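S.K.: The structure under discussion is supplied below as structure tokens; questions concerning it will follow.
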Amino acid sequence: MLSAARMSLGRRAFSSSARSNVHVAVLGAAGGIGQPLSLLLKQNPLVTKLTLFDIRGSPGVAADLSHVNSPAEVIGYAPEQDGLKKALKGAEVIIIPAGMPRKPGMTRDDLFNTNASIVRDLAAAAAETAPNARIGIIANPVNSTVPIVAEVFKKAGVYDPKRLFGVTTLDVVRSSTFLSGLAGTAPKDTDVPVVGGHSGATIVPILSQTAEGKKIVEAGGEGLAALVKRIQFGGDEVVKAKDGAGSATLSMAYAGAEFTDAILRALNGEKDVTLCTYVESPLYADKGVTFFSSPVTLGSDGTVAKINPVGALHPTEEKLLEACLPDLAKNIAAGVKFVEANPPQ
Ligand SMILES: NC(=O)c1ccc[n+]([C@@H]2O[C@H](COP(=O)([O-])OP(=O)(O)OC[C@H]3O[C@@H](n4cnc5c(N)ncnc54)[C@H](O)[C@@H]3O)[C@@H](O)[C@H]2O)c1
Ligand SMILES: O=C(O)C[C@H](O)C(=O)O
């Protein structure tokens, strides 16, 4: 039986026997998330090659990062001269933070019109050039952009659901931070599985599966409601504080680096690497929820080996899950419909 800590967020455990050829590509690498994420990946000894692509600025970001004295080779590509294909060629892991962030007053779904086509086109390039890579989608709305990538890969005839992930790690990071802040525990020992999707009511923290969280869930009332709301709407807290200058970038870069590290550790031979991530899932497929985040165990090739169920829930968490599912089903259907109506060129 996996502990809650192992189930919700992989922990860093760099191995000295790093596999010698892991190439990670970051698409949207010059953005608010892309730059610090690329820095964190440059520091990861399991990365030996880092290719950076953006519609603007990635050669500069790559030149800057290449002076950091860690082993990974860093190359930046601009859109000219087939830069996207060159960035993707040989990539084993592709992380996509490309896309517009929210401004105050917007929901993540308001980003759909802009980001759906950005993600579709990047996915089409990945399907053509690096169809066997593991792909982590950060671009919002994650609930819809991940199904968009799946549909694009299906159309290209190269879809393998085990290789596609929505990055929901920030919800796990926030839950750990907020709960440990209340409980006075060490954040690294306070891991909360977060299931469902990545926006508002679709974010379902399973606080009852940790000792500290269980006390808060059993006490119920305003304390529990405030904690759940802060986890579900943590993104809004940052959007408001940034006051028009975007959404979470630094905490997201940290979370994205943790997510990528979990894949790299699995590829490097670490057993039972398990993290909450949004994947094609049978758990609630009968309700139209064909993608769902739950603890996922990775195999030695860094792909989905086992989708674990959500486990025991307190009645209040059952209610949160009930509220999540219809919203998530709609978000997934919107992604599928978008690719049907607007297939990649
Ligand atoms: N999954 C999560 O938990 C999470 C957390 C925070 C932000 N996000 C999302 O991540 C996305 C990026 O946020 P950000 O703050 O870095 O935004 P940003 O605007 O700072 O950066 C986005 C970058 O994407 C680039 N870009 C745009 N179109 C592109 C294309 N076709 N190909 C390559 N690059 C392209 C832009 O040039 C820019 O550099 C947003 O959609 C945001 O909502 C998700
Ligand atoms: O809130 C946002 O729009 C960005 C991100 O999804 C977050 O959770 O911080």
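We name chains A, B, ... following the order of the structure tokens; residues begin at 1 in each chain, and ligands are numbered from 1 as shown.
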Within 7 Å of segment 131-145 of chain A, counting only C-alpha atoms, which residues show up once you throw out same-chain ones fewer than 3 positions away? Write them as an mmCIF file with N, CA and C atoms, in the first residue's frame, please.

M.R.:
```
data_model
loop_
_atom_site.group_PDB
_atom_site.id
_atom_site.type_symbol
_atom_site.label_atom_id
_atom_site.label_comp_id
_atom_site.auth_asym_id
_atom_site.auth_seq_id
_atom_site.Cartn_x
_atom_site.Cartn_y
_atom_site.Cartn_z
ATOM 1 N N ALA A 91 13.110 14.311 -28.788
ATOM 2 C CA ALA A 91 12.677 14.594 -27.407
ATOM 3 C C ALA A 91 11.968 13.373 -26.815
ATOM 4 N N GLU A 92 12.330 13.054 -25.576
ATOM 5 C CA GLU A 92 11.668 11.937 -24.885
ATOM 6 C C GLU A 92 10.605 12.436 -23.915
ATOM 7 N N VAL A 93 10.759 13.684 -23.509
ATOM 8 C CA VAL A 93 9.767 14.325 -22.635
ATOM 9 C C VAL A 93 9.506 15.719 -23.201
ATOM 10 N N ILE A 94 8.223 16.051 -23.370
ATOM 11 C CA ILE A 94 7.857 17.379 -23.894
ATOM 12 C C ILE A 94 6.939 18.050 -22.868
ATOM 13 N N ILE A 95 7.311 19.243 -22.457
ATOM 14 C CA ILE A 95 6.481 19.969 -21.494
ATOM 15 C C ILE A 95 5.966 21.232 -22.193
ATOM 16 N N ILE A 96 4.643 21.454 -22.086
ATOM 17 C CA ILE A 96 4.033 22.563 -22.857
ATOM 18 C C ILE A 96 3.371 23.611 -21.943
ATOM 19 N N PRO A 97 4.111 24.668 -21.604
ATOM 20 C CA PRO A 97 3.469 25.792 -20.915
ATOM 21 C C PRO A 97 3.072 26.916 -21.892
ATOM 22 N N ALA A 98 3.118 26.688 -23.205
ATOM 23 C CA ALA A 98 2.789 27.752 -24.173
ATOM 24 C C ALA A 98 1.316 28.113 -24.101
ATOM 25 N N GLY A 99 1.034 29.385 -24.031
ATOM 26 C CA GLY A 99 -0.370 29.815 -24.030
ATOM 27 C C GLY A 99 -0.568 31.033 -23.160
ATOM 28 N N ARG A 108 -10.414 30.090 -16.225
ATOM 29 C CA ARG A 108 -9.491 29.363 -17.114
ATOM 30 C C ARG A 108 -10.181 29.052 -18.446
ATOM 31 N N ASP A 109 -11.497 28.836 -18.386
ATOM 32 C CA ASP A 109 -12.216 28.535 -19.634
ATOM 33 C C ASP A 109 -12.180 29.719 -20.602
ATOM 34 N N LEU A 111 -9.702 31.203 -21.420
ATOM 35 C CA LEU A 111 -8.462 31.078 -22.196
ATOM 36 C C LEU A 111 -8.623 30.105 -23.359
ATOM 37 N N PHE A 112 -9.771 29.388 -23.351
ATOM 38 C CA PHE A 112 -9.949 28.297 -24.322
ATOM 39 C C PHE A 112 -9.746 28.779 -25.758
ATOM 40 N N ASN A 115 -5.962 29.438 -26.379
ATOM 41 C CA ASN A 115 -4.982 28.380 -26.105
ATOM 42 C C ASN A 115 -5.300 27.061 -26.805
ATOM 43 N N ALA A 116 -6.581 26.831 -27.130
ATOM 44 C CA ALA A 116 -6.925 25.562 -27.773
ATOM 45 C C ALA A 116 -6.155 25.399 -29.082
ATOM 46 N N VAL A 119 -2.287 24.909 -28.464
ATOM 47 C CA VAL A 119 -1.963 23.545 -28.013
ATOM 48 C C VAL A 119 -2.188 22.538 -29.142
ATOM 49 N N ALA A 126 4.221 17.686 -32.438
ATOM 50 C CA ALA A 126 4.773 16.607 -31.605
ATOM 51 C C ALA A 126 4.366 15.252 -32.162
ATOM 52 N N ALA A 127 3.116 15.139 -32.621
ATOM 53 C CA ALA A 127 2.639 13.858 -33.163
ATOM 54 C C ALA A 127 3.454 13.464 -34.392
ATOM 55 N N GLU A 128 3.874 14.473 -35.149
ATOM 56 C CA GLU A 128 4.640 14.186 -36.365
ATOM 57 C C GLU A 128 6.113 13.880 -36.055
ATOM 58 N N ILE A 148 -7.663 17.793 -26.045
ATOM 59 C CA ILE A 148 -7.320 18.316 -27.380
ATOM 60 C C ILE A 148 -6.082 17.591 -27.925
ATOM 61 N N VAL A 149 -5.064 17.455 -27.078
ATOM 62 C CA VAL A 149 -3.838 16.760 -27.523
ATOM 63 C C VAL A 149 -4.169 15.310 -27.889
ATOM 64 N N VAL A 158 -1.263 8.141 -33.857
ATOM 65 C CA VAL A 158 -0.123 7.804 -32.984
ATOM 66 C C VAL A 158 -0.476 7.969 -31.496
ATOM 67 N N ARG A 163 1.072 8.026 -22.538
ATOM 68 C CA ARG A 163 2.148 9.009 -22.694
ATOM 69 C C ARG A 163 1.677 10.452 -22.522
ATOM 70 N N LEU A 164 0.407 10.625 -22.220
ATOM 71 C CA LEU A 164 -0.142 11.986 -22.155
ATOM 72 C C LEU A 164 -0.598 12.329 -20.728
ATOM 73 N N PHE A 165 -0.134 13.469 -20.234
ATOM 74 C CA PHE A 165 -0.393 13.873 -18.846
ATOM 75 C C PHE A 165 -0.813 15.346 -18.783
ATOM 76 N N GLY A 166 -1.794 15.650 -17.970
ATOM 77 C CA GLY A 166 -2.079 17.041 -17.616
ATOM 78 C C GLY A 166 -1.372 17.314 -16.298
ATOM 79 N N VAL A 167 -0.684 18.467 -16.244
ATOM 80 C CA VAL A 167 0.125 18.762 -15.055
ATOM 81 C C VAL A 167 -0.755 19.461 -14.007
ATOM 82 N N GLY A 197 -9.835 17.509 -11.721
ATOM 83 C CA GLY A 197 -9.248 18.276 -12.813
ATOM 84 C C GLY A 197 -8.476 19.461 -12.275
ATOM 85 N N HIS A 198 -8.311 20.505 -13.109
ATOM 86 C CA HIS A 198 -7.543 21.667 -12.670
ATOM 87 C C HIS A 198 -8.299 22.968 -12.943
ATOM 88 N N THR A 303 5.956 6.103 -18.470
ATOM 89 C CA THR A 303 4.572 6.256 -18.932
ATOM 90 C C THR A 303 3.629 5.676 -17.870
ATOM 91 N N LEU A 328 -16.304 18.621 -15.194
ATOM 92 C CA LEU A 328 -15.168 18.028 -15.901
ATOM 93 C C LEU A 328 -15.631 17.398 -17.215
ATOM 94 N N ASN A 331 -15.959 20.101 -19.767
ATOM 95 C CA ASN A 331 -14.659 20.614 -20.222
ATOM 96 C C ASN A 331 -13.997 19.645 -21.196
ATOM 97 N N ILE A 332 -14.128 18.354 -20.921
ATOM 98 C CA ILE A 332 -13.527 17.333 -21.796
ATOM 99 C C ILE A 332 -14.244 17.345 -23.149
ATOM 100 N N ALA A 334 -15.770 19.750 -24.538
ATOM 101 C CA ALA A 334 -15.431 20.973 -25.296
ATOM 102 C C ALA A 334 -14.110 20.780 -26.046
ATOM 103 N N GLY A 335 -13.146 20.129 -25.408
ATOM 104 C CA GLY A 335 -11.853 19.884 -26.056
ATOM 105 C C GLY A 335 -12.012 18.968 -27.264
#
```

S.K.: Please identify all protein, DNA and RNA residues within 10 Å of ligand 2, counting only C-alpha atoms and all ligand atoms, and report them as a ChimeraX atom specification.

M.R.: /A:100-104,106-111,138-142,167-171,174,198-200,203,231-240,246-252

S.K.: Dump N, CA and C atoms for the selected residues as a CSV table (one decimal), in the first residue's frame?

M.R.:
```
chain,number,residue,atom,x,y,z
A,100,MET,N,-1.7,31.6,-23.3
A,100,MET,CA,-2.0,32.9,-22.6
A,100,MET,C,-2.4,32.6,-21.1
A,101,PRO,N,-1.9,33.4,-20.2
A,101,PRO,CA,-2.4,33.3,-18.8
A,101,PRO,C,-3.6,34.2,-18.5
A,102,ARG,N,-4.2,33.9,-17.4
A,102,ARG,CA,-5.4,34.7,-17.0
A,102,ARG,C,-5.1,36.1,-16.6
A,103,LYS,N,-6.1,37.0,-16.7
A,103,LYS,CA,-6.1,38.3,-16.0
A,103,LYS,C,-7.2,38.3,-15.0
A,104,PRO,N,-7.2,39.3,-14.1
A,104,PRO,CA,-8.3,39.3,-13.1
A,104,PRO,C,-9.7,39.3,-13.8
A,106,MET,N,-11.1,36.8,-15.2
A,106,MET,CA,-11.2,35.7,-16.2
A,106,MET,C,-11.2,34.3,-15.5
A,107,THR,N,-11.9,33.4,-16.1
A,107,THR,CA,-11.8,32.0,-15.7
A,107,THR,C,-10.8,31.3,-16.6
A,108,ARG,N,-10.4,30.1,-16.2
A,108,ARG,CA,-9.5,29.4,-17.1
A,108,ARG,C,-10.2,29.1,-18.4
A,109,ASP,N,-11.5,28.8,-18.4
A,109,ASP,CA,-12.2,28.5,-19.6
A,109,ASP,C,-12.2,29.7,-20.6
A,110,ASP,N,-12.0,30.9,-20.1
A,110,ASP,CA,-11.9,32.1,-21.0
A,110,ASP,C,-10.6,32.1,-21.8
A,111,LEU,N,-9.7,31.2,-21.4
A,111,LEU,CA,-8.5,31.1,-22.2
A,111,LEU,C,-8.6,30.1,-23.4
A,138,ILE,N,0.8,21.9,-19.5
A,138,ILE,CA,0.6,22.9,-18.4
A,138,ILE,C,-0.4,24.0,-18.9
A,139,ALA,N,-0.5,24.2,-20.2
A,139,ALA,CA,-1.3,25.3,-20.8
A,139,ALA,C,-2.8,25.1,-20.4
A,140,ASN,N,-3.4,26.2,-19.9
A,140,ASN,CA,-4.8,26.1,-19.5
A,140,ASN,C,-5.8,26.4,-20.7
A,141,PRO,N,-7.0,25.9,-20.5
A,141,PRO,CA,-7.6,25.1,-19.4
A,141,PRO,C,-7.2,23.7,-19.6
A,142,VAL,N,-6.4,23.2,-18.6
A,142,VAL,CA,-5.9,21.8,-18.7
A,142,VAL,C,-7.0,20.8,-18.9
A,167,VAL,N,-0.7,18.5,-16.2
A,167,VAL,CA,0.1,18.8,-15.1
A,167,VAL,C,-0.8,19.5,-14.0
A,168,THR,N,-1.2,18.7,-13.0
A,168,THR,CA,-2.0,19.2,-11.9
A,168,THR,C,-1.2,19.3,-10.6
A,169,THR,N,0.1,19.2,-10.7
A,169,THR,CA,1.0,19.1,-9.6
A,169,THR,C,0.9,20.4,-8.7
A,170,LEU,N,0.6,21.5,-9.3
A,170,LEU,CA,0.5,22.8,-8.5
A,170,LEU,C,-0.6,22.6,-7.4
A,171,ASP,N,-1.7,21.9,-7.8
A,171,ASP,CA,-2.8,21.8,-6.8
A,171,ASP,C,-2.3,20.9,-5.6
A,174,ARG,N,0.1,23.2,-3.6
A,174,ARG,CA,-0.7,24.2,-2.8
A,174,ARG,C,-1.3,23.5,-1.6
A,198,HIS,N,-8.3,20.5,-13.1
A,198,HIS,CA,-7.5,21.7,-12.7
A,198,HIS,C,-8.3,23.0,-12.9
A,199,SER,N,-9.4,23.1,-12.2
A,199,SER,CA,-10.0,24.5,-12.2
A,199,SER,C,-11.2,24.4,-11.2
A,200,GLY,N,-11.2,25.4,-10.3
A,200,GLY,CA,-12.3,25.6,-9.4
A,200,GLY,C,-12.9,24.3,-8.8
A,203,ILE,N,-11.3,20.7,-8.9
A,203,ILE,CA,-10.1,20.4,-8.0
A,203,ILE,C,-10.6,19.8,-6.7
A,231,ILE,N,-7.6,26.0,-1.7
A,231,ILE,CA,-6.9,25.0,-2.6
A,231,ILE,C,-7.6,25.1,-4.0
A,232,GLN,N,-8.9,25.1,-4.0
A,232,GLN,CA,-9.6,25.1,-5.4
A,232,GLN,C,-9.4,26.5,-6.1
A,233,PHE,N,-9.2,27.5,-5.3
A,233,PHE,CA,-9.1,28.9,-6.0
A,233,PHE,C,-7.8,29.5,-5.7
A,234,GLY,N,-6.7,28.7,-5.4
A,234,GLY,CA,-5.4,29.2,-5.2
A,234,GLY,C,-4.9,30.0,-6.4
A,235,GLY,N,-5.3,29.6,-7.6
A,235,GLY,CA,-4.8,30.3,-8.8
A,235,GLY,C,-5.4,31.7,-8.8
A,236,ASP,N,-6.6,31.9,-8.4
A,236,ASP,CA,-7.2,33.2,-8.4
A,236,ASP,C,-6.5,34.2,-7.4
A,237,GLU,N,-6.0,33.6,-6.3
A,237,GLU,CA,-5.3,34.4,-5.3
A,237,GLU,C,-4.1,35.0,-6.0
A,238,VAL,N,-3.4,34.2,-6.8
A,238,VAL,CA,-2.2,34.8,-7.5
A,238,VAL,C,-2.5,35.7,-8.6
A,239,VAL,N,-3.6,35.4,-9.4
A,239,VAL,CA,-4.0,36.3,-10.5
A,239,VAL,C,-4.4,37.7,-9.9
A,240,LYS,N,-5.1,37.7,-8.8
A,240,LYS,CA,-5.5,38.9,-8.1
A,240,LYS,C,-4.3,39.7,-7.7
A,246,GLY,N,-0.5,38.6,-15.0
A,246,GLY,CA,-0.5,37.2,-15.3
A,246,GLY,C,-0.9,36.3,-14.1
A,247,SER,N,-0.5,35.0,-14.2
A,247,SER,CA,-0.9,34.1,-13.1
A,247,SER,C,0.3,33.4,-12.6
A,248,ALA,N,0.1,32.4,-11.8
A,248,ALA,CA,1.2,31.7,-11.1
A,248,ALA,C,2.3,31.3,-12.1
A,249,THR,N,3.5,31.7,-11.9
A,249,THR,CA,4.6,31.3,-12.8
A,249,THR,C,5.7,30.6,-12.0
A,250,LEU,N,6.1,31.1,-10.9
A,250,LEU,CA,7.2,30.6,-10.1
A,250,LEU,C,6.8,29.3,-9.4
A,251,SER,N,5.7,29.3,-8.7
A,251,SER,CA,5.2,28.1,-8.1
A,251,SER,C,4.9,27.0,-9.1
A,252,MET,N,4.4,27.5,-10.3
A,252,MET,CA,4.1,26.5,-11.4
A,252,MET,C,5.3,25.9,-12.0
```

S.K.: List the spatial neighbours of His314 of chain A as a list in words - criterion: any atom at most 8 Å away, only C-alpha atoms, same-chain residues fewer than 2 positions off excluded.

M.R.: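 Counting only C-alpha atoms, the residues come to Ser208, Val217, Ala312, Thr316, Glu317 and Glu318 of chain A.
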
S.K.: Would you mind exporting N, CA and C atoms of the selected residues as a PDB file, in the first residue's frame?

M.R.:
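Resulting contents of result-v3.pdb:
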```pdb
ATOM      1  N   SER A 208      -8.752  14.099   3.924  1.00  0.00           N
ATOM      2  CA  SER A 208      -8.972  13.077   4.963  1.00  0.00           C
ATOM      3  C   SER A 208      -7.940  11.950   4.904  1.00  0.00           C
ATOM      4  N   VAL A 217     -11.055  17.852   8.372  1.00  0.00           N
ATOM      5  CA  VAL A 217     -12.259  17.360   7.677  1.00  0.00           C
ATOM      6  C   VAL A 217     -13.305  16.937   8.717  1.00  0.00           C
ATOM      7  N   ALA A 312     -10.457   5.916  -0.057  1.00  0.00           N
ATOM      8  CA  ALA A 312     -11.573   6.214   0.858  1.00  0.00           C
ATOM      9  C   ALA A 312     -11.809   7.714   0.959  1.00  0.00           C
ATOM     10  N   THR A 316     -17.978  14.535   3.027  1.00  0.00           N
ATOM     11  CA  THR A 316     -17.859  15.883   2.427  1.00  0.00           C
ATOM     12  C   THR A 316     -17.045  15.816   1.134  1.00  0.00           C
ATOM     13  N   GLU A 317     -16.088  14.894   1.088  1.00  0.00           N
ATOM     14  CA  GLU A 317     -15.274  14.753  -0.128  1.00  0.00           C
ATOM     15  C   GLU A 317     -16.066  14.049  -1.238  1.00  0.00           C
ATOM     16  N   GLU A 318     -16.967  13.143  -0.827  1.00  0.00           N
ATOM     17  CA  GLU A 318     -17.869  12.519  -1.823  1.00  0.00           C
ATOM     18  C   GLU A 318     -18.655  13.618  -2.526  1.00  0.00           C
TER      19      GLU A 318
END
```

S.K.: Looking only at the backbone, which of the residues in segment 70-142 of chain A does DSSP tag as strand (DSSP E or B), as a PyMOL selection string?

M.R.: chain A and resi 73-77+93-96+134-137

S.K.: Hey, which of A:Leu227, A:Ala253, A:Gly220, A:Ala186 ends up closest to ligand 1? Count only C-alpha atoms and all ligand atoms.

M.R.: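 Closest to ligand 1, using only C-alpha atoms and all ligand atoms: A:Ala253.
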
S.K.: Compare A:Arg230, A:His67, A:Lys287, A:Arg120 by their minimum atom-to-atom distance to ligand 1, counting only C-alpha atoms and all ligand atoms, and give me the closest one.

M.R.: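 Of A:Arg230, A:His67, A:Lys287, A:Arg120, the one nearest ligand 1 is A:Arg120, counting only C-alpha atoms and all ligand atoms.
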
S.K.: For Ser38 of chain A, work out the shell of residues within 10 Å, counting only C-alpha atoms and skipping chain neighbours fewer than 6 positions away, then give it as JSON, numbers by chain.

M.R.: {"A": [24, 25, 26, 29, 30, 44, 50, 51, 52, 61, 62, 65, 74, 95, 253, 256, 257]}

S.K.: Could you write out that same residue set with C-alpha atoms as a tab-separated table (two decimals), in the first residue's frame?

M.R.:
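Final output, saved to selection_8.tsv:
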```
chain	number	residue	atom	x	y	z
A	24	VAL	CA	13.49	17.28	-22.58
A	25	ALA	CA	11.80	19.87	-24.82
A	26	VAL	CA	9.96	22.88	-23.39
A	29	ALA	CA	10.07	28.28	-22.92
A	30	ALA	CA	10.47	32.06	-22.91
A	44	ASN	CA	18.27	18.43	-12.90
A	50	LEU	CA	17.15	20.65	-23.07
A	51	THR	CA	15.62	22.14	-26.20
A	52	LEU	CA	13.63	25.34	-25.84
A	61	VAL	CA	16.83	32.18	-22.86
A	62	ALA	CA	18.89	29.20	-24.04
A	65	LEU	CA	20.85	29.10	-19.36
A	74	VAL	CA	20.68	23.73	-23.92
A	95	ILE	CA	6.48	19.97	-21.49
A	253	ALA	CA	7.66	26.23	-12.57
A	256	GLY	CA	6.32	21.54	-13.40
A	257	ALA	CA	9.88	20.64	-12.45
```

S.K.: Please provide as a PyMOL selection string all residues within 10 Å of Ser70 of chain A, with the sequence filter that same-chain residues fewer than 2 positions apart are discarded (counting only C-alpha atoms).

M.R.: chain A and resi 42-45+47-48+65-68+72-73

S.K.: Output the selection as a CSV table (one decimal), in the first residue's frame - N, CA and C atoms for each residue.

M.R.:
```
chain,number,residue,atom,x,y,z
A,42,LYS,N,17.3,22.6,-16.1
A,42,LYS,CA,18.8,22.7,-16.4
A,42,LYS,C,19.6,22.2,-15.2
A,43,GLN,N,19.0,22.4,-14.0
A,43,GLN,CA,19.7,22.0,-12.8
A,43,GLN,C,19.5,20.5,-12.5
A,44,ASN,N,18.6,19.8,-13.2
A,44,ASN,CA,18.3,18.4,-12.9
A,44,ASN,C,19.3,17.5,-13.6
A,45,PRO,N,20.0,16.8,-12.8
A,45,PRO,CA,21.1,15.9,-13.4
A,45,PRO,C,20.6,14.8,-14.3
A,47,VAL,N,18.6,15.3,-16.7
A,47,VAL,CA,18.4,15.9,-18.0
A,47,VAL,C,19.7,16.1,-18.7
A,48,THR,N,19.9,15.6,-19.9
A,48,THR,CA,21.2,15.8,-20.6
A,48,THR,C,21.0,16.7,-21.8
A,65,LEU,N,20.8,30.3,-20.2
A,65,LEU,CA,20.8,29.1,-19.4
A,65,LEU,C,22.1,28.3,-19.6
A,66,SER,N,22.6,28.4,-20.8
A,66,SER,CA,23.7,27.5,-21.2
A,66,SER,C,25.0,27.8,-20.4
A,67,HIS,N,25.0,29.0,-19.7
A,67,HIS,CA,26.1,29.3,-18.9
A,67,HIS,C,26.1,28.7,-17.5
A,68,VAL,N,25.0,28.1,-17.2
A,68,VAL,CA,24.8,27.4,-15.9
A,68,VAL,C,25.7,26.2,-15.9
A,72,ALA,N,23.5,19.5,-18.6
A,72,ALA,CA,22.6,19.5,-19.8
A,72,ALA,C,23.0,20.5,-20.8
A,73,GLU,N,23.0,20.0,-22.1
A,73,GLU,CA,23.2,20.9,-23.2
A,73,GLU,C,21.9,21.7,-23.4
```

S.K.: As an exercise, work out the distance from atom CA of Gly288 of chain A to atom CA of Ala329 of chain A in Å and give it to one decimal place.

M.R.: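 Computed distance, atom CA of Gly288 of chain A to atom CA of Ala329 of chain A, equals 5.3 Å.
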
S.K.: Which is closest to Asp327 of chain A among A:Val289, A:Val192, A:Leu313, A:Ala219, if we use only C-alpha atoms?

M.R.: A:Val289

S.K.: Name the closest residue to ligand 1 among the candidates A:Gly83, A:Gly299, A:Pro71, A:Pro282; distances are taken between atoms, counting only C-alpha atoms and all ligand atoms.

M.R.: A:Gly83

S.K.: Which residue out of A:Pro309, A:Gly34, A:Gly269, A:Gly181 has the minimum interatomic distance to Ala255 of chain A when only C-alpha atoms are used?

M.R.: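 Distance minimum relative to Ala255 of chain A lands on A:Gly34.
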
S.K.: Between atom CA of Ser176 of chain A and atom CA of Leu321 of chain A, what distance in Å does the model show, to one decimal?

M.R.: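 Straight-line distance from atom CA of Ser176 of chain A to atom CA of Leu321 of chain A works out to 19.4 Å.
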
S.K.: Select, from A:Leu41, A:Ala63, A:Ile118, A:Glu80, the residue with the minimum atom-to-atom distance to ligand 1, counting only C-alpha atoms and all ligand atoms.

M.R.: A:Ile118

S.K.: Looking only at helix (DSSP H, G or I) from DSSP on the backbone, list the matching residues of segment 21-82 of chain A as a list in words.

M.R.: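 Here is the list: Gly34, Gln35, Pro36, Leu37, Ser38, Leu39, Leu40, Leu41, Lys42, Ser58, Pro59, Gly60, Val61, Ala62, Ala63, Asp64, Leu65, Glu80, Gln81 and Asp82 of chain A.
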
S.K.: Mind pulling up the distance from atom CA of Thr202 of chain A to atom CA of Lys319 of chain A?

M.R.: 11.5 Å
